[in-house]
Structure formats: structure tokens, C-alpha cells
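Colleague: The structure is given below, and queries will be raised subsequently.
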Amino acid sequence: MITVRKEGILLAPTSFEFENEGVLNPAVIREGDSVHIFYRAVRQDNFSTIGYCRLDGPLTLSERWTKPFMVPEFEYESQGVEDARIVKIDDLYYMTYTGYDGTNARGAVATSKDLKHFKKHGVIVPPITYSEFVFLAESTGKVNENYYRNHKFYYQESDPEKKMMLWDKNVIFFPRKIDNKLVFLHRIRPGIQIASVGNLKEITREFWGKYFLNWQEDIVMDPVYQHESSYIGAGCPPIETEHGWLLIYHGVEETEHGRVYSACAALLNLNDPSIEIARLPYPLFAPEYDWELIGEVNNVVFPTGTALFGNTLFIYYGAADSLIACASVNFNDLVTELLTHIAKNEN
């Protein structure tokens, strides 16, 4: 078992209107000794913007804006910009986030050269409905029945005519090109999928139409263990190691006390990250303290960013959808532990 240290609460809501309801799910990137954090800030009526703060080192708050860093500008994000992640590829920062329009929550991307000015490129996940997804997916053969679990969500009895697009969230880019392509993870429940493009302009409706003809080959991981039995989703941007890409993700289990969100860990193949090398058969860490057990959504630890200082990996996460907290783990120990749980297809 891995020893994980809970460092405690890092950020809490303030009296400022844009974040008086909750702060959670931060995008994190280290530059020198500074850690830049772009977090989801929620005001009353569940309206989200992106807030900003900076740490000196992994835990010391040195700057925090009193106004939102990023706000909704377009229809696809009219009711909120949420749950950002960030990586740097070559000389460009890629911030992925969820745009919420009041009905649909879908992955979008913005880019920047300076971490200050971001250009939004819009929604990059499939622009299709759930029924279109089922049609495309079934056109090449049998589909894992777990991908039909969300039928009632998309066809709600209370509003059967509501136009709901396929919800595809947790879009996360790898922090470098692989085979000269931008590679990203995304999530159609219950698993994690992967896609690659030469550039963002290639992500079109036609691209996704072709993608779904063989999409089952692009499922990186599906739920396996009890603590992730409902669904999983990519959490933090992958970290390159000599043994593979370290992925900190979230797993969800339906229990008698409701859903429980845990932080989980896996290794993906360095040259072909669609291949899982290993995953922990138990949660890396789970809700245990009051501030993780009770909040806007109970029983939640939701990892979305990391920073490596020396051999200590700091993992930043949303706690109970209300606060931002941090946990730390010995980086080498985590990779070593993962290597004792090699996937069967890697033996």
C-alpha cells in the first residue's frame, strides 16, 4: 500500500460574489518555484467561472485574484466554465475545461503563450446526440453494455423533448506530442478514451464520425475494481516516467450512502498510451475527513492537477465539491507500487 499524506485544505470560498458558493477542481501547472492554479469558482445558482491563484512552492498561497480569470463568452458555455486542466506542449499552454450551457456539459479548449491571455477554440468533443453515438458505435459490432447505462439520463421523463448532446468531459492533453500528434484523453461514461490529431483544426464533426467507426479500439480503460465500478474519468494530466505515463484519475462507486469519488492511479504505455500497463487495485486515496465527506456533493475527492517537487508529488483536488485540498505521495514509491500490479495483457 502507498502512504498518502493529506496536506489539508488549500482554498476555501470567499465573500466575493463569483466564488461565494464553492471552489473546486483546479487546473495546476508548475513554472519554476511557482504553482499556478486555475480553479472552478462557483457562485449562487451554480454558475461557474475560473478563478486564479499562485503558490510559492507547493502549498504557500502568495496571490489570489478577487475577480474571475475566465468567464463564459459563448453559447456552449453560457451557464459556466468548469473543471479546467492545463499542460504545456512545446511553447503553448493548452487549457481544457467543461463548457456548460444549462443543458449540456462538454469539453472545450483554450490556448495561451503566457498563461495570461487565452484564446478559446470552442468545444472539441463529439458534436452528436446520444442516439447518434449509439448508432455510430453499434455500426461496427457489439458495444459493451455498460455504455448504455446513461439511457435514462439522456431521455429524461420530465422533459423528453429536451435536446441533449452526448456528454463528453474530462478532456486532458498529454504534455508533449506523441508521434508528432496532439494526444488527449476524454470520457464517455463509463470508461476513458483516447484520441489524437495533428492540430486542433482537425477536430471536426467528420473527424468524430470516422473515430466512432473504430472507437472501441480507443477505450484506454474501463472500470475494473469495486471502488471504480460505476465509472472512471481522467483526472490529472499524465506525467511522463521511464516506465510509462502516470495517470491519476477518479473512480466512482455507487454505495448505500450514495456515490463515492476516489483518487486512483494507473500507468499507460509511453509510446502508445492507449495501452494500460498497470493500475492500483485499490484507491490511491478516498474521502475520509469531514471536508471531503460533507459538502455540496458528499464523499468526493476529485484530482485534477499535480506538481512535482523533488521526489514528492503533490496532488490537488476538489473536496466534496466545496473546497480545494492537497495530498502528497512519494513519486518513486507510487510508480514502484504500480509496477507490482502489471496488467495481464502486459505480462
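Within each chain, counting starts at residue 1; across the C-alpha cells, chains are named A, B, ... in the order shown, with ligands numbered 1 upward in that order.
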Where in stretch 239-302 of chain A does DSSP assign alpha helix (DSSP H), given as a list of chain:residue names?
Modeller: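 Across stretch 239-302 of chain A, those assigned alpha helix (DSSP H) are A:Asp290, A:Trp291, A:Glu292, A:Leu293.
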Colleague: Convert the current residue selection to file output with C-alpha atoms, as a short mmCIF file (atom, residue, chain, number, x, y, z; two decimals), in the first residue's frame.
Modeller:
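Saved the output as part_33.cif:
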data_model
loop_
_atom_site.label_atom_id
_atom_site.label_comp_id
_atom_site.auth_asym_id
_atom_site.auth_seq_id
_atom_site.Cartn_x
_atom_site.Cartn_y
_atom_site.Cartn_z
CA ASP A 290 -15.29 15.94 7.21
CA TRP A 291 -14.33 18.40 4.46
CA GLU A 292 -14.25 15.51 1.95
CA LEU A 293 -17.29 13.70 3.30
#
Colleague: For A:Glu138, please output as a PDB file with N, CA and C atoms, in the first residue's frame all residues within 12 Å (counting only C-alpha atoms; exclusion window: fewer than 2 positions along the same chain).
Modeller:
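part-v7.pdb written:
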ATOM      1  N   SER A 131     -28.171   9.308 -29.164  1.00  0.00           N
ATOM      2  CA  SER A 131     -28.675   8.339 -30.143  1.00  0.00           C
ATOM      3  C   SER A 131     -27.736   8.213 -31.334  1.00  0.00           C
ATOM      4  N   GLU A 132     -27.120   9.330 -31.749  1.00  0.00           N
ATOM      5  CA  GLU A 132     -26.129   9.262 -32.830  1.00  0.00           C
ATOM      6  C   GLU A 132     -24.904   8.467 -32.391  1.00  0.00           C
ATOM      7  N   PHE A 133     -24.492   8.657 -31.144  1.00  0.00           N
ATOM      8  CA  PHE A 133     -23.372   7.893 -30.608  1.00  0.00           C
ATOM      9  C   PHE A 133     -23.659   6.403 -30.645  1.00  0.00           C
ATOM     10  N   VAL A 134     -24.852   6.005 -30.198  1.00  0.00           N
ATOM     11  CA  VAL A 134     -25.226   4.592 -30.193  1.00  0.00           C
ATOM     12  C   VAL A 134     -25.219   4.038 -31.614  1.00  0.00           C
ATOM     13  N   PHE A 135     -25.773   4.800 -32.552  1.00  0.00           N
ATOM     14  CA  PHE A 135     -25.810   4.342 -33.949  1.00  0.00           C
ATOM     15  C   PHE A 135     -24.409   4.135 -34.510  1.00  0.00           C
ATOM     16  N   LEU A 136     -23.536   5.125 -34.304  1.00  0.00           N
ATOM     17  CA  LEU A 136     -22.177   5.022 -34.818  1.00  0.00           C
ATOM     18  C   LEU A 136     -21.405   3.894 -34.145  1.00  0.00           C
ATOM     19  N   THR A 140     -20.219  -0.964 -35.995  1.00  0.00           N
ATOM     20  CA  THR A 140     -19.069  -1.851 -36.201  1.00  0.00           C
ATOM     21  C   THR A 140     -19.094  -3.067 -35.284  1.00  0.00           C
ATOM     22  N   GLY A 141     -20.201  -3.316 -34.622  1.00  0.00           N
ATOM     23  CA  GLY A 141     -20.286  -4.514 -33.806  1.00  0.00           C
ATOM     24  C   GLY A 141     -20.835  -4.252 -32.427  1.00  0.00           C
ATOM     25  N   LYS A 142     -20.742  -5.267 -31.589  1.00  0.00           N
ATOM     26  CA  LYS A 142     -21.314  -5.222 -30.252  1.00  0.00           C
ATOM     27  C   LYS A 142     -20.599  -4.192 -29.382  1.00  0.00           C
ATOM     28  N   VAL A 143     -21.390  -3.469 -28.596  1.00  0.00           N
ATOM     29  CA  VAL A 143     -20.865  -2.453 -27.695  1.00  0.00           C
ATOM     30  C   VAL A 143     -20.997  -2.953 -26.256  1.00  0.00           C
ATOM     31  N   ASN A 144     -19.976  -2.699 -25.452  1.00  0.00           N
ATOM     32  CA  ASN A 144     -20.045  -3.021 -24.030  1.00  0.00           C
ATOM     33  C   ASN A 144     -21.327  -2.435 -23.460  1.00  0.00           C
ATOM     34  N   GLU A 145     -22.143  -3.297 -22.861  1.00  0.00           N
ATOM     35  CA  GLU A 145     -23.465  -2.860 -22.397  1.00  0.00           C
ATOM     36  C   GLU A 145     -23.388  -1.756 -21.345  1.00  0.00           C
ATOM     37  N   TYR A 147     -21.944   0.930 -21.587  1.00  0.00           N
ATOM     38  CA  TYR A 147     -22.040   2.232 -22.246  1.00  0.00           C
ATOM     39  C   TYR A 147     -23.486   2.635 -22.527  1.00  0.00           C
ATOM     40  N   TYR A 148     -24.425   1.752 -22.179  1.00  0.00           N
ATOM     41  CA  TYR A 148     -25.843   2.092 -22.304  1.00  0.00           C
ATOM     42  C   TYR A 148     -26.447   2.522 -20.962  1.00  0.00           C
ATOM     43  N   PHE A 212     -15.618   7.117 -34.443  1.00  0.00           N
ATOM     44  CA  PHE A 212     -16.531   6.174 -33.823  1.00  0.00           C
ATOM     45  C   PHE A 212     -16.694   4.882 -34.611  1.00  0.00           C
ATOM     46  N   LEU A 213     -16.182   4.848 -35.824  1.00  0.00           N
ATOM     47  CA  LEU A 213     -16.227   3.602 -36.584  1.00  0.00           C
ATOM     48  C   LEU A 213     -15.304   2.553 -35.978  1.00  0.00           C
ATOM     49  N   ASN A 214     -14.297   3.001 -35.225  1.00  0.00           N
ATOM     50  CA  ASN A 214     -13.381   2.078 -34.552  1.00  0.00           C
ATOM     51  C   ASN A 214     -13.143   2.500 -33.096  1.00  0.00           C
ATOM     52  N   TRP A 215     -14.107   3.162 -32.521  1.00  0.00           N
ATOM     53  CA  TRP A 215     -13.868   3.830 -31.251  1.00  0.00           C
ATOM     54  C   TRP A 215     -13.559   2.863 -30.111  1.00  0.00           C
ATOM     55  N   GLN A 216     -14.035   1.617 -30.201  1.00  0.00           N
ATOM     56  CA  GLN A 216     -13.772   0.685 -29.106  1.00  0.00           C
ATOM     57  C   GLN A 216     -12.285   0.352 -28.985  1.00  0.00           C
TER      58      GLN A 216
END
Colleague: Can you pull out the residues contacting stretch 29-46 of chain A? Cut-off 8 Å, using only C-alpha atoms, and skip same-chain residues under 2 positions away; I want them as a ChimeraX atom specification.
Modeller: /A:17-27,48-58,68-69,81-84,86-87,305-307
Colleague: Output the selection as an mmCIF file, in the first residue's frame - N, CA and C atoms for each residue.
Modeller:
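Wrote it out as selection_3.cif, contents follow:
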data_model
loop_
_atom_site.group_PDB
_atom_site.id
_atom_site.type_symbol
_atom_site.label_atom_id
_atom_site.label_comp_id
_atom_site.auth_asym_id
_atom_site.auth_seq_id
_atom_site.Cartn_x
_atom_site.Cartn_y
_atom_site.Cartn_z
ATOM 1 N N GLU A 17 -18.504 37.594 -4.789
ATOM 2 C CA GLU A 17 -19.711 37.008 -5.361
ATOM 3 C C GLU A 17 -19.414 35.827 -6.281
ATOM 4 N N PHE A 18 -18.332 35.913 -7.058
ATOM 5 C CA PHE A 18 -18.083 34.877 -8.064
ATOM 6 C C PHE A 18 -17.670 33.535 -7.447
ATOM 7 N N GLU A 19 -17.288 33.511 -6.174
ATOM 8 C CA GLU A 19 -16.836 32.264 -5.552
ATOM 9 C C GLU A 19 -17.387 32.103 -4.133
ATOM 10 N N ASN A 20 -18.590 32.592 -3.917
ATOM 11 C CA ASN A 20 -19.142 32.524 -2.565
ATOM 12 C C ASN A 20 -19.856 31.211 -2.269
ATOM 13 N N GLU A 21 -19.992 30.356 -3.296
ATOM 14 C CA GLU A 21 -20.686 29.081 -3.101
ATOM 15 C C GLU A 21 -19.709 27.908 -2.992
ATOM 16 N N GLY A 22 -18.588 27.999 -3.711
ATOM 17 C CA GLY A 22 -17.634 26.902 -3.650
ATOM 18 C C GLY A 22 -16.431 27.149 -4.539
ATOM 19 N N VAL A 23 -15.316 26.517 -4.208
ATOM 20 C CA VAL A 23 -14.130 26.492 -5.065
ATOM 21 C C VAL A 23 -13.687 25.032 -5.148
ATOM 22 N N LEU A 24 -13.299 24.586 -6.340
ATOM 23 C CA LEU A 24 -13.035 23.165 -6.520
ATOM 24 C C LEU A 24 -12.275 22.905 -7.823
ATOM 25 N N ASN A 25 -11.846 21.667 -8.004
ATOM 26 C CA ASN A 25 -11.341 21.092 -9.249
ATOM 27 C C ASN A 25 -10.374 22.008 -10.004
ATOM 28 N N PRO A 26 -9.157 22.183 -9.476
ATOM 29 C CA PRO A 26 -8.209 23.137 -10.047
ATOM 30 C C PRO A 26 -7.329 22.567 -11.159
ATOM 31 N N ALA A 27 -7.088 23.374 -12.183
ATOM 32 C CA ALA A 27 -6.012 23.106 -13.143
ATOM 33 C C ALA A 27 -4.719 23.622 -12.517
ATOM 34 N N SER A 48 -20.594 28.936 -12.797
ATOM 35 C CA SER A 48 -19.162 28.768 -12.589
ATOM 36 C C SER A 48 -18.319 29.637 -13.508
ATOM 37 N N THR A 49 -17.243 30.172 -12.956
ATOM 38 C CA THR A 49 -16.182 30.826 -13.711
ATOM 39 C C THR A 49 -14.870 30.177 -13.282
ATOM 40 N N ILE A 50 -13.767 30.613 -13.862
ATOM 41 C CA ILE A 50 -12.455 30.115 -13.481
ATOM 42 C C ILE A 50 -11.731 31.194 -12.677
ATOM 43 N N GLY A 51 -11.342 30.858 -11.456
ATOM 44 C CA GLY A 51 -10.563 31.762 -10.630
ATOM 45 C C GLY A 51 -9.081 31.448 -10.755
ATOM 46 N N TYR A 52 -8.258 32.315 -10.201
ATOM 47 C CA TYR A 52 -6.802 32.131 -10.306
ATOM 48 C C TYR A 52 -6.116 32.430 -8.983
ATOM 49 N N CYS A 53 -5.116 31.602 -8.670
ATOM 50 C CA CYS A 53 -4.212 31.909 -7.572
ATOM 51 C C CYS A 53 -2.836 31.338 -7.892
ATOM 52 N N ARG A 54 -1.852 31.799 -7.146
ATOM 53 C CA ARG A 54 -0.475 31.335 -7.342
ATOM 54 C C ARG A 54 0.111 30.946 -5.998
ATOM 55 N N LEU A 55 0.852 29.843 -6.006
ATOM 56 C CA LEU A 55 1.522 29.377 -4.809
ATOM 57 C C LEU A 55 3.021 29.591 -4.938
ATOM 58 N N ASP A 56 3.678 29.893 -3.840
ATOM 59 C CA ASP A 56 5.132 29.814 -3.744
ATOM 60 C C ASP A 56 5.452 28.437 -3.185
ATOM 61 N N GLY A 57 6.094 27.616 -4.002
ATOM 62 C CA GLY A 57 6.254 26.232 -3.597
ATOM 63 C C GLY A 57 4.932 25.502 -3.722
ATOM 64 N N PRO A 58 4.823 24.313 -3.158
ATOM 65 C CA PRO A 58 3.620 23.504 -3.377
ATOM 66 C C PRO A 58 2.399 23.885 -2.551
ATOM 67 N N PRO A 68 -12.928 36.880 -11.443
ATOM 68 C CA PRO A 68 -12.690 35.682 -12.245
ATOM 69 C C PRO A 68 -11.563 35.883 -13.259
ATOM 70 N N PHE A 69 -10.845 34.808 -13.517
ATOM 71 C CA PHE A 69 -9.810 34.807 -14.544
ATOM 72 C C PHE A 69 -10.423 34.543 -15.926
ATOM 73 N N VAL A 81 -18.074 27.919 -17.034
ATOM 74 C CA VAL A 81 -16.823 27.299 -17.454
ATOM 75 C C VAL A 81 -16.293 26.566 -16.226
ATOM 76 N N GLU A 82 -15.997 25.277 -16.396
ATOM 77 C CA GLU A 82 -15.822 24.405 -15.237
ATOM 78 C C GLU A 82 -14.614 23.473 -15.383
ATOM 79 N N ASP A 83 -14.056 23.082 -14.250
ATOM 80 C CA ASP A 83 -13.166 21.922 -14.129
ATOM 81 C C ASP A 83 -12.018 21.909 -15.135
ATOM 82 N N ALA A 84 -11.201 22.951 -15.112
ATOM 83 C CA ALA A 84 -10.102 23.068 -16.074
ATOM 84 C C ALA A 84 -8.954 22.119 -15.738
ATOM 85 N N ILE A 86 -4.633 21.770 -17.318
ATOM 86 C CA ILE A 86 -3.698 22.533 -18.142
ATOM 87 C C ILE A 86 -2.380 21.784 -18.316
ATOM 88 N N VAL A 87 -1.823 21.880 -19.534
ATOM 89 C CA VAL A 87 -0.495 21.348 -19.838
ATOM 90 C C VAL A 87 0.218 22.350 -20.741
ATOM 91 N N GLY A 305 -5.027 18.088 -10.779
ATOM 92 C CA GLY A 305 -3.734 18.680 -11.093
ATOM 93 C C GLY A 305 -2.650 18.200 -10.147
ATOM 94 N N THR A 306 -1.406 18.234 -10.628
ATOM 95 C CA THR A 306 -0.276 17.811 -9.806
ATOM 96 C C THR A 306 0.885 18.781 -9.960
ATOM 97 N N ALA A 307 1.805 18.731 -9.008
ATOM 98 C CA ALA A 307 3.077 19.444 -9.102
ATOM 99 C C ALA A 307 4.124 18.583 -8.413
#
Colleague: Please list as a VMD selection string every residue within 6 Å of A:Gly99, counting only C-alpha atoms and excluding residues in the same chain fewer than 3 positions away.
Modeller: chain A and resid 76 to 77 81 105 to 106
Colleague: I need the chosen residues saved as an mmCIF file, in the first residue's frame, with C-alpha atoms.
Modeller:
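Produced file result_21.cif, reproduced below:
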data_model
loop_
_atom_site.group_PDB
_atom_site.id
_atom_site.type_symbol
_atom_site.label_atom_id
_atom_site.label_comp_id
_atom_site.auth_asym_id
_atom_site.auth_seq_id
_atom_site.Cartn_x
_atom_site.Cartn_y
_atom_site.Cartn_z
ATOM 1 C CA TYR A 76 -21.801 26.491 -25.344
ATOM 2 C CA GLU A 77 -20.510 27.827 -22.003
ATOM 3 C CA VAL A 81 -16.823 27.299 -17.454
ATOM 4 C CA ALA A 105 -21.679 19.795 -20.396
ATOM 5 C CA ARG A 106 -18.930 19.232 -22.971
#
Colleague: Pick out the closest residue to A:Asp272 from this set: A:Pro126, A:Gly244, A:Gly198, A:Pro175. Count only C-alpha atoms.
Modeller: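 Counting only C-alpha atoms, the residue closest to A:Asp272 is A:Gly244.
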Colleague: Please measure the separation of atom CA of A:Ala325 and atom CA of A:Pro237, giving the value in Å to one decimal.
Modeller: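 Answer for the atom CA of A:Ala325 to atom CA of A:Pro237 separation: 17.3 Å.
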Colleague: Extract, using only C-alpha atoms, all DNA, RNA and protein residues at most 7 Å from A:Ala266, discarding same-chain residues fewer than 5 positions from it, and format them as JSON, numbers by chain.
Modeller: {"A": [246, 247, 248, 278, 279, 280, 338]}
Colleague: Keeping only N, CA and C atoms, write the selected residues as a short mmCIF file (atom, residue, chain, number, x, y, z; two decimals), in the first residue's frame.
Modeller:
data_model
loop_
_atom_site.label_atom_id
_atom_site.label_comp_id
_atom_site.auth_asym_id
_atom_site.auth_seq_id
_atom_site.Cartn_x
_atom_site.Cartn_y
_atom_site.Cartn_z
N LEU A 246 2.20 8.15 -15.98
CA LEU A 246 1.45 8.03 -14.73
C LEU A 246 0.16 8.84 -14.85
N LEU A 247 -0.95 8.17 -14.67
CA LEU A 247 -2.26 8.82 -14.75
C LEU A 247 -2.95 8.74 -13.39
N ILE A 248 -3.21 9.90 -12.81
CA ILE A 248 -4.06 9.99 -11.62
C ILE A 248 -5.48 10.27 -12.12
N ALA A 278 -0.53 -0.81 -16.04
CA ALA A 278 -0.83 -1.21 -14.67
C ALA A 278 -1.83 -0.24 -14.06
N ARG A 279 -2.53 -0.71 -13.04
CA ARG A 279 -3.35 0.20 -12.22
C ARG A 279 -3.44 -0.35 -10.80
N LEU A 280 -3.57 0.56 -9.86
CA LEU A 280 -3.73 0.13 -8.47
C LEU A 280 -5.08 -0.56 -8.30
N LEU A 338 2.89 0.66 -8.53
CA LEU A 338 2.11 0.37 -9.74
C LEU A 338 2.72 -0.78 -10.52
#
Colleague: Run DSSP on the backbone and tell me which residues of stretch 149-329 of chain A come out as strand (DSSP E); list them as a VMD selection string.
Modeller: chain A and resid 169 to 173 182 to 187 192 to 197 219 to 221 231 to 234 239 to 241 244 to 255 258 to 268 276 to 279 301 to 309 312 to 319 323 to 329
Colleague: What's the separation between atom CA of A:Leu115 and atom CA of A:Val28, in Å to one decimal place?
Modeller: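 Taking atom CA of A:Leu115 as the start and atom CA of A:Val28 as the end point, the length is 11.4 Å.
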Colleague: Could you tell me which of A:Tyr261, A:Phe47, A:Tyr225, A:Phe302 comes closest to A:Val71 if we count only C-alpha atoms?
Modeller: A:Phe47
Colleague: Any idea what's packed within 10 Å of A:Pro223, counting only C-alpha atoms, ignoring anything in its chain fewer than 3 positions away? Could you give it as a list in words?
Modeller: Asn146, Arg189, Pro190, Gly191, Ile192, Gln226, His227, Glu228, Ser229, Ser230, Tyr231, Ile232, Gly233, Gly251, Val252 and Glu253 of chain A
Colleague: Counting only C-alpha atoms, which residue out of A:His250, A:Lys201, A:Arg259, A:Lys163 sits closest to A:Val123?
Modeller: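 Among the listed residues, A:Lys201 lies closest to A:Val123.
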Colleague: Determine, counting only C-alpha atoms, which protein, DNA and RNA residues have an atom within 12 Å of an atom of A:Tyr289; residues of the same chain fewer than 4 positions away are not included. Present the result as a PyMOL selection string.
Modeller: chain A and resi 6-9+285+293-295+298-301+319-320+325
Colleague: For the atom pair atom CA of A:Ile275 and atom CA of A:Met1, what is the interatomic distance in Å to one decimal place?
Modeller: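 Straight-line distance from atom CA of A:Ile275 to atom CA of A:Met1 works out to 23.8 Å.
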